[in-house]
Amino acid sequence: MAILLGDVGGTNARLAIARNGSIDRDTVTRFRGDDYLTFDDVVRQFLQEQDQPRISAVCVAVAGPVSGGRARLTNRNWDFDQDRLARLTDADHVRLINDLTAMGYATPVLGGDGLATLRLAPADRARNGQALVVNLGTGFNVCAVRSLPGGSITAMEAEEGHTNLPANIHQRLLEAVGPEAIKGFISTEEAFAGRGLSRLHAALTGTAPVRSEQIDAAADAGDPAANATYDLFTELVGLLCRELALRFMPLEGLFLAGSVGRSIADRMDLFEKSFLAEPYMRHIPENTPIFLIRDDMAALHGCLAALS
């Protein structure tokens, strides 16, 4: 029997087959969303390429909200339905989960080149079986992870990106960009997703917004303005992660994910300065290790774990 796994974003869908508890890497296939009218068409194409294996279960991670066995992509007009996928694949069990929830389920199995340690914590610290994935990419959200008796875990849904900015971060931004530009930073996502980095650079430089990838490339090339933007942005991420550490107490680890998260990995001195800036309850961030998820297959691993 084979298990069908999917990781679906606004640009690409990645599908794979798992057998005997592990992903068959030879089956991992990426499909461009622009080439298909629906996700069901992607599944049909993939199963045909894999010689129509007998599918016993399906788990698909979707970059959008999931509710009642249904989901819709945030950035593409694709919809998903567990019952429809069951009929399409003849699978006995189908599960749709949010893509960040999948990352949460993946945390126990990440390692090697797929996971980088950005900040160590004392080995003798108190442990509580709790971790947190913080995604800074096209969007922003978090996934809290809790270890359960017997060795399994649960990954919890959240909409942290649509919360208001903490007062200290709002004040720091106000000082940096002024009262007019601050109006654009209306939520945590608008400040810390890729477009938040773009908006911050435009406000600091008085120029038109450019994609965060361009700012990253300019910083790598030594551009002073781009590096100043990244320095401030990293400081703000450190402040935010301090708030999240107190909220979720992830003493097993805080896992950064996403392209924007990867782009600040070499500025951990600035991150840590903000992360440990407040003396009140400082022992919590002090005892929280920070990791960076590098594994492009993390969400697929999480889908497999979510079925167990």
# chains A, B, ... in the order shown; residues from 1 in each chain; ligands from 1
call {"tool": "residues_around", "arguments": {"residues": "Ser274 in chain A", "least_positions_apart": "6", "cutoff": "6 Å", "atoms": "only C-alpha atoms", "output": "PDB file with all heavy atoms, in the first residue's frame"}}
result
ATOM      1  N   GLU A 235      16.215  42.848  14.425  1.00  0.00           N
ATOM      2  CA  GLU A 235      15.936  43.323  15.785  1.00  0.00           C
ATOM      3  C   GLU A 235      14.462  43.140  16.124  1.00  0.00           C
ATOM      4  O   GLU A 235      14.110  42.667  17.223  1.00  0.00           O
ATOM      5  CB  GLU A 235      16.317  44.801  15.901  1.00  0.00           C
ATOM      6  CG  GLU A 235      15.953  45.441  17.231  1.00  0.00           C
ATOM      7  CD  GLU A 235      16.096  46.958  17.212  1.00  0.00           C
ATOM      8  OE1 GLU A 235      16.827  47.489  16.354  1.00  0.00           O
ATOM      9  OE2 GLU A 235      15.438  47.611  18.054  1.00  0.00           O
ATOM     10  N   GLY A 238      13.551  39.515  16.680  1.00  0.00           N
ATOM     11  CA  GLY A 238      13.975  39.101  18.006  1.00  0.00           C
ATOM     12  C   GLY A 238      12.987  39.522  19.081  1.00  0.00           C
ATOM     13  O   GLY A 238      12.664  38.751  19.999  1.00  0.00           O
ATOM     14  N   LEU A 239      12.484  40.743  18.979  1.00  0.00           N
ATOM     15  CA  LEU A 239      11.473  41.215  19.928  1.00  0.00           C
ATOM     16  C   LEU A 239      10.198  40.389  19.838  1.00  0.00           C
ATOM     17  O   LEU A 239       9.594  40.032  20.862  1.00  0.00           O
ATOM     18  CB  LEU A 239      11.152  42.686  19.668  1.00  0.00           C
ATOM     19  CG  LEU A 239      12.248  43.706  19.981  1.00  0.00           C
ATOM     20  CD1 LEU A 239      11.821  45.098  19.517  1.00  0.00           C
ATOM     21  CD2 LEU A 239      12.580  43.727  21.473  1.00  0.00           C
TER      22      LEU A 239
END
call {"tool": "residues_around", "arguments": {"residues": "Leu204 in chain A", "least_positions_apart": "5", "cutoff": "12 Å", "atoms": "only C-alpha atoms", "output": "MDAnalysis selection string"}}
result
chainID A and resid 173:178 181:182 197:199 209 224:233
call {"tool": "closest_residue", "arguments": {"among": "A:Leu200, A:Val237, A:Ser263, A:Leu246", "to": "Ala217 in chain A", "atoms": "only C-alpha atoms"}}
result
A:Ser263
call {"tool": "atom_distance", "arguments": {"atom1": "CA of Asp51 in chain A", "atom2": "CA of Val8 in chain A"}}
result
21.7 Å
call {"tool": "closest_residue", "arguments": {"among": "A:Leu88, A:Met249, A:Val66, A:Val94", "to": "Gln45 in chain A", "atoms": "only C-alpha atoms"}}
result
A:Leu88
call {"tool": "residues_around", "arguments": {"residues": "Leu47 in chain A", "least_positions_apart": "5", "cutoff": "10 Å", "atoms": "only C-alpha atoms", "output": "PDB file with N, CA, C and O atoms, in the first residue's frame"}}
result
ATOM      1  N   LEU A   4      -0.233   8.823  -0.280  1.00  0.00           N
ATOM      2  CA  LEU A   4      -0.040  10.011  -1.105  1.00  0.00           C
ATOM      3  C   LEU A   4       0.112  11.227  -0.201  1.00  0.00           C
ATOM      4  O   LEU A   4      -0.743  11.488   0.648  1.00  0.00           O
ATOM      5  N   LEU A  15       4.248  16.671  -4.693  1.00  0.00           N
ATOM      6  CA  LEU A  15       3.617  15.416  -4.315  1.00  0.00           C
ATOM      7  C   LEU A  15       4.662  14.322  -4.179  1.00  0.00           C
ATOM      8  O   LEU A  15       5.718  14.368  -4.830  1.00  0.00           O
ATOM      9  N   ALA A  16       4.348  13.323  -3.345  1.00  0.00           N
ATOM     10  CA  ALA A  16       5.258  12.210  -3.135  1.00  0.00           C
ATOM     11  C   ALA A  16       4.471  11.000  -2.670  1.00  0.00           C
ATOM     12  O   ALA A  16       3.330  11.104  -2.206  1.00  0.00           O
ATOM     13  N   ILE A  17       5.098   9.838  -2.776  1.00  0.00           N
ATOM     14  CA  ILE A  17       4.549   8.581  -2.280  1.00  0.00           C
ATOM     15  C   ILE A  17       5.399   8.115  -1.110  1.00  0.00           C
ATOM     16  O   ILE A  17       6.631   8.183  -1.153  1.00  0.00           O
ATOM     17  N   VAL A  42      -3.728  17.876 -10.838  1.00  0.00           N
ATOM     18  CA  VAL A  42      -2.356  17.561 -10.436  1.00  0.00           C
ATOM     19  C   VAL A  42      -2.285  16.132  -9.907  1.00  0.00           C
ATOM     20  O   VAL A  42      -1.380  15.354 -10.261  1.00  0.00           O
ATOM     21  N   GLN A  52      -0.244   4.466 -11.332  1.00  0.00           N
ATOM     22  CA  GLN A  52      -1.491   4.246 -10.608  1.00  0.00           C
ATOM     23  C   GLN A  52      -1.321   3.315  -9.401  1.00  0.00           C
ATOM     24  O   GLN A  52      -1.922   2.238  -9.328  1.00  0.00           O
ATOM     25  N   PRO A  53      -0.516   3.704  -8.415  1.00  0.00           N
ATOM     26  CA  PRO A  53      -0.355   2.859  -7.226  1.00  0.00           C
ATOM     27  C   PRO A  53      -1.645   2.789  -6.415  1.00  0.00           C
ATOM     28  O   PRO A  53      -2.490   3.692  -6.495  1.00  0.00           O
ATOM     29  N   ARG A  54      -1.801   1.719  -5.643  1.00  0.00           N
ATOM     30  CA  ARG A  54      -2.969   1.586  -4.764  1.00  0.00           C
ATOM     31  C   ARG A  54      -2.742   2.487  -3.557  1.00  0.00           C
ATOM     32  O   ARG A  54      -1.842   2.255  -2.754  1.00  0.00           O
ATOM     33  N   ILE A  55      -3.550   3.533  -3.410  1.00  0.00           N
ATOM     34  CA  ILE A  55      -3.388   4.525  -2.357  1.00  0.00           C
ATOM     35  C   ILE A  55      -4.275   4.154  -1.164  1.00  0.00           C
ATOM     36  O   ILE A  55      -5.492   3.988  -1.303  1.00  0.00           O
ATOM     37  N   THR A  89      -8.790   9.172  -5.328  1.00  0.00           N
ATOM     38  CA  THR A  89      -7.646   8.281  -5.073  1.00  0.00           C
ATOM     39  C   THR A  89      -8.057   6.894  -4.598  1.00  0.00           C
ATOM     40  O   THR A  89      -7.213   6.006  -4.502  1.00  0.00           O
TER      41      THR A  89
END
call {"tool": "select_by_dssp", "arguments": {"residues": "range 60-278 of chain A", "states": "strand (DSSP E or B)", "output": "VMD selection string"}}
result
chain A and resid 60 to 62 66 to 67 70 to 72 79 to 81 93 to 98 115 to 119 130 to 136 140 to 147 153 to 156 253 to 257
call {"tool": "closest_residue", "arguments": {"among": "A:Thr188, A:Ala86, A:Gly139, A:Glu160", "to": "Gly261 in chain A", "atoms": "only C-alpha atoms"}}
result
A:Gly139
call {"tool": "select_by_dssp", "arguments": {"residues": "range 128-253 of chain A", "states": "alpha helix (DSSP H)", "output": "PyMOL selection string"}}
result
chain A and resi 167-181+188-192+194-205+212-220+224-248
call {"tool": "closest_residue", "arguments": {"among": "A:Leu236, A:Ala277, A:Val43, A:Cys241", "to": "Val142 in chain A", "atoms": "only C-alpha atoms"}}
result
A:Cys241
call {"tool": "atom_distance", "arguments": {"atom1": "CA of Ile169 in chain A", "atom2": "CA of Arg127 in chain A"}}
result
28.5 Å
call {"tool": "residues_around", "arguments": {"residues": "Ala106 in chain A", "least_positions_apart": "5", "cutoff": "12 Å", "atoms": "only C-alpha atoms", "output": "PyMOL selection string"}}
result
chain A and resi 61+99-101+111+114-115+131-133+143-145+152-155+255+257+293-308
call {"tool": "closest_residue", "arguments": {"among": "A:Val134, A:Ala2, A:Ala91, A:Ala123", "to": "Phe192 in chain A", "atoms": "only C-alpha atoms"}}
result
A:Val134
call {"tool": "decode", "arguments": {"residues": "range 256-280 of chain A", "atoms": "N, CA, C and O atoms", "output": "mmCIF file, in the first residue's frame"}}
result
data_model
loop_
_atom_site.group_PDB
_atom_site.id
_atom_site.type_symbol
_atom_site.label_atom_id
_atom_site.label_comp_id
_atom_site.auth_asym_id
_atom_site.auth_seq_id
_atom_site.Cartn_x
_atom_site.Cartn_y
_atom_site.Cartn_z
ATOM 1 N N LEU A 256 12.505 28.540 13.282
ATOM 2 C CA LEU A 256 12.233 29.518 12.234
ATOM 3 C C LEU A 256 12.091 28.802 10.898
ATOM 4 O O LEU A 256 12.821 27.841 10.608
ATOM 5 N N ALA A 257 11.143 29.259 10.079
ATOM 6 C CA ALA A 257 10.925 28.673 8.765
ATOM 7 C C ALA A 257 10.607 29.779 7.778
ATOM 8 O O ALA A 257 10.296 30.901 8.164
ATOM 9 N N GLY A 258 10.683 29.455 6.492
ATOM 10 C CA GLY A 258 10.334 30.421 5.457
ATOM 11 C C GLY A 258 11.534 31.176 4.919
ATOM 12 O O GLY A 258 12.587 31.265 5.564
ATOM 13 N N SER A 259 11.371 31.742 3.737
ATOM 14 C CA SER A 259 12.476 32.415 3.053
ATOM 15 C C SER A 259 12.976 33.625 3.824
ATOM 16 O O SER A 259 14.185 33.896 3.870
ATOM 17 N N VAL A 260 12.077 34.383 4.442
ATOM 18 C CA VAL A 260 12.498 35.559 5.203
ATOM 19 C C VAL A 260 13.213 35.116 6.478
ATOM 20 O O VAL A 260 14.196 35.727 6.897
ATOM 21 N N GLY A 261 12.735 34.033 7.089
ATOM 22 C CA GLY A 261 13.419 33.492 8.252
ATOM 23 C C GLY A 261 14.838 33.060 7.924
ATOM 24 O O GLY A 261 15.782 33.331 8.687
ATOM 25 N N ARG A 262 15.015 32.423 6.774
ATOM 26 C CA ARG A 262 16.363 31.994 6.370
ATOM 27 C C ARG A 262 17.267 33.194 6.114
ATOM 28 O O ARG A 262 18.478 33.124 6.347
ATOM 29 N N SER A 263 16.682 34.301 5.651
ATOM 30 C CA SER A 263 17.506 35.450 5.266
ATOM 31 C C SER A 263 18.095 36.196 6.460
ATOM 32 O O SER A 263 18.991 37.020 6.288
ATOM 33 N N ILE A 264 17.612 35.947 7.677
ATOM 34 C CA ILE A 264 18.176 36.627 8.854
ATOM 35 C C ILE A 264 19.068 35.699 9.676
ATOM 36 O O ILE A 264 19.547 36.088 10.740
ATOM 37 N N ALA A 265 19.304 34.486 9.176
ATOM 38 C CA ALA A 265 20.023 33.484 9.968
ATOM 39 C C ALA A 265 21.457 33.898 10.300
ATOM 40 O O ALA A 265 22.021 33.434 11.298
ATOM 41 N N ASP A 266 22.051 34.765 9.482
ATOM 42 C CA ASP A 266 23.429 35.172 9.741
ATOM 43 C C ASP A 266 23.510 36.445 10.592
ATOM 44 O O ASP A 266 24.584 37.040 10.736
ATOM 45 N N ARG A 267 22.390 36.855 11.183
ATOM 46 C CA ARG A 267 22.366 38.053 12.021
ATOM 47 C C ARG A 267 21.877 37.714 13.436
ATOM 48 O O ARG A 267 21.220 38.515 14.098
ATOM 49 N N MET A 268 22.238 36.539 13.904
ATOM 50 C CA MET A 268 21.707 36.073 15.181
ATOM 51 C C MET A 268 22.218 36.880 16.368
ATOM 52 O O MET A 268 21.602 36.881 17.438
ATOM 53 N N ASP A 269 23.321 37.592 16.207
ATOM 54 C CA ASP A 269 23.778 38.444 17.299
ATOM 55 C C ASP A 269 22.755 39.561 17.556
ATOM 56 O O ASP A 269 22.455 39.897 18.712
ATOM 57 N N LEU A 270 22.208 40.136 16.475
ATOM 58 C CA LEU A 270 21.182 41.167 16.615
ATOM 59 C C LEU A 270 19.871 40.572 17.123
ATOM 60 O O LEU A 270 19.183 41.169 17.952
ATOM 61 N N PHE A 271 19.533 39.386 16.617
ATOM 62 C CA PHE A 271 18.336 38.699 17.077
ATOM 63 C C PHE A 271 18.409 38.435 18.579
ATOM 64 O O PHE A 271 17.478 38.741 19.327
ATOM 65 N N GLU A 272 19.522 37.886 19.019
ATOM 66 C CA GLU A 272 19.641 37.501 20.430
ATOM 67 C C GLU A 272 19.622 38.718 21.354
ATOM 68 O O GLU A 272 19.076 38.658 22.464
ATOM 69 N N LYS A 273 20.193 39.809 20.907
ATOM 70 C CA LYS A 273 20.186 41.028 21.722
ATOM 71 C C LYS A 273 18.757 41.455 22.035
ATOM 72 O O LYS A 273 18.434 41.833 23.169
ATOM 73 N N SER A 274 17.878 41.396 21.031
ATOM 74 C CA SER A 274 16.476 41.741 21.249
ATOM 75 C C SER A 274 15.744 40.637 21.998
ATOM 76 O O SER A 274 14.894 40.904 22.853
ATOM 77 N N PHE A 275 16.043 39.400 21.659
ATOM 78 C CA PHE A 275 15.380 38.243 22.248
ATOM 79 C C PHE A 275 15.559 38.210 23.764
ATOM 80 O O PHE A 275 14.664 37.790 24.500
ATOM 81 N N LEU A 276 16.717 38.700 24.228
ATOM 82 C CA LEU A 276 17.028 38.673 25.660
ATOM 83 C C LEU A 276 17.006 40.068 26.285
ATOM 84 O O LEU A 276 17.517 40.257 27.390
ATOM 85 N N ALA A 277 16.409 41.040 25.600
ATOM 86 C CA ALA A 277 16.508 42.433 26.040
ATOM 87 C C ALA A 277 15.757 42.706 27.335
ATOM 88 O O ALA A 277 16.198 43.525 28.153
ATOM 89 N N GLU A 278 14.632 42.058 27.539
ATOM 90 C CA GLU A 278 13.798 42.355 28.699
ATOM 91 C C GLU A 278 14.198 41.481 29.891
ATOM 92 O O GLU A 278 14.276 40.258 29.760
ATOM 93 N N PRO A 279 14.433 42.066 31.051
ATOM 94 C CA PRO A 279 14.801 41.259 32.213
ATOM 95 C C PRO A 279 13.647 40.438 32.771
ATOM 96 O O PRO A 279 13.861 39.374 33.348
ATOM 97 N N TYR A 280 12.407 40.910 32.588
ATOM 98 C CA TYR A 280 11.258 40.219 33.163
ATOM 99 C C TYR A 280 11.030 38.882 32.448
ATOM 100 O O TYR A 280 10.923 38.830 31.233
#
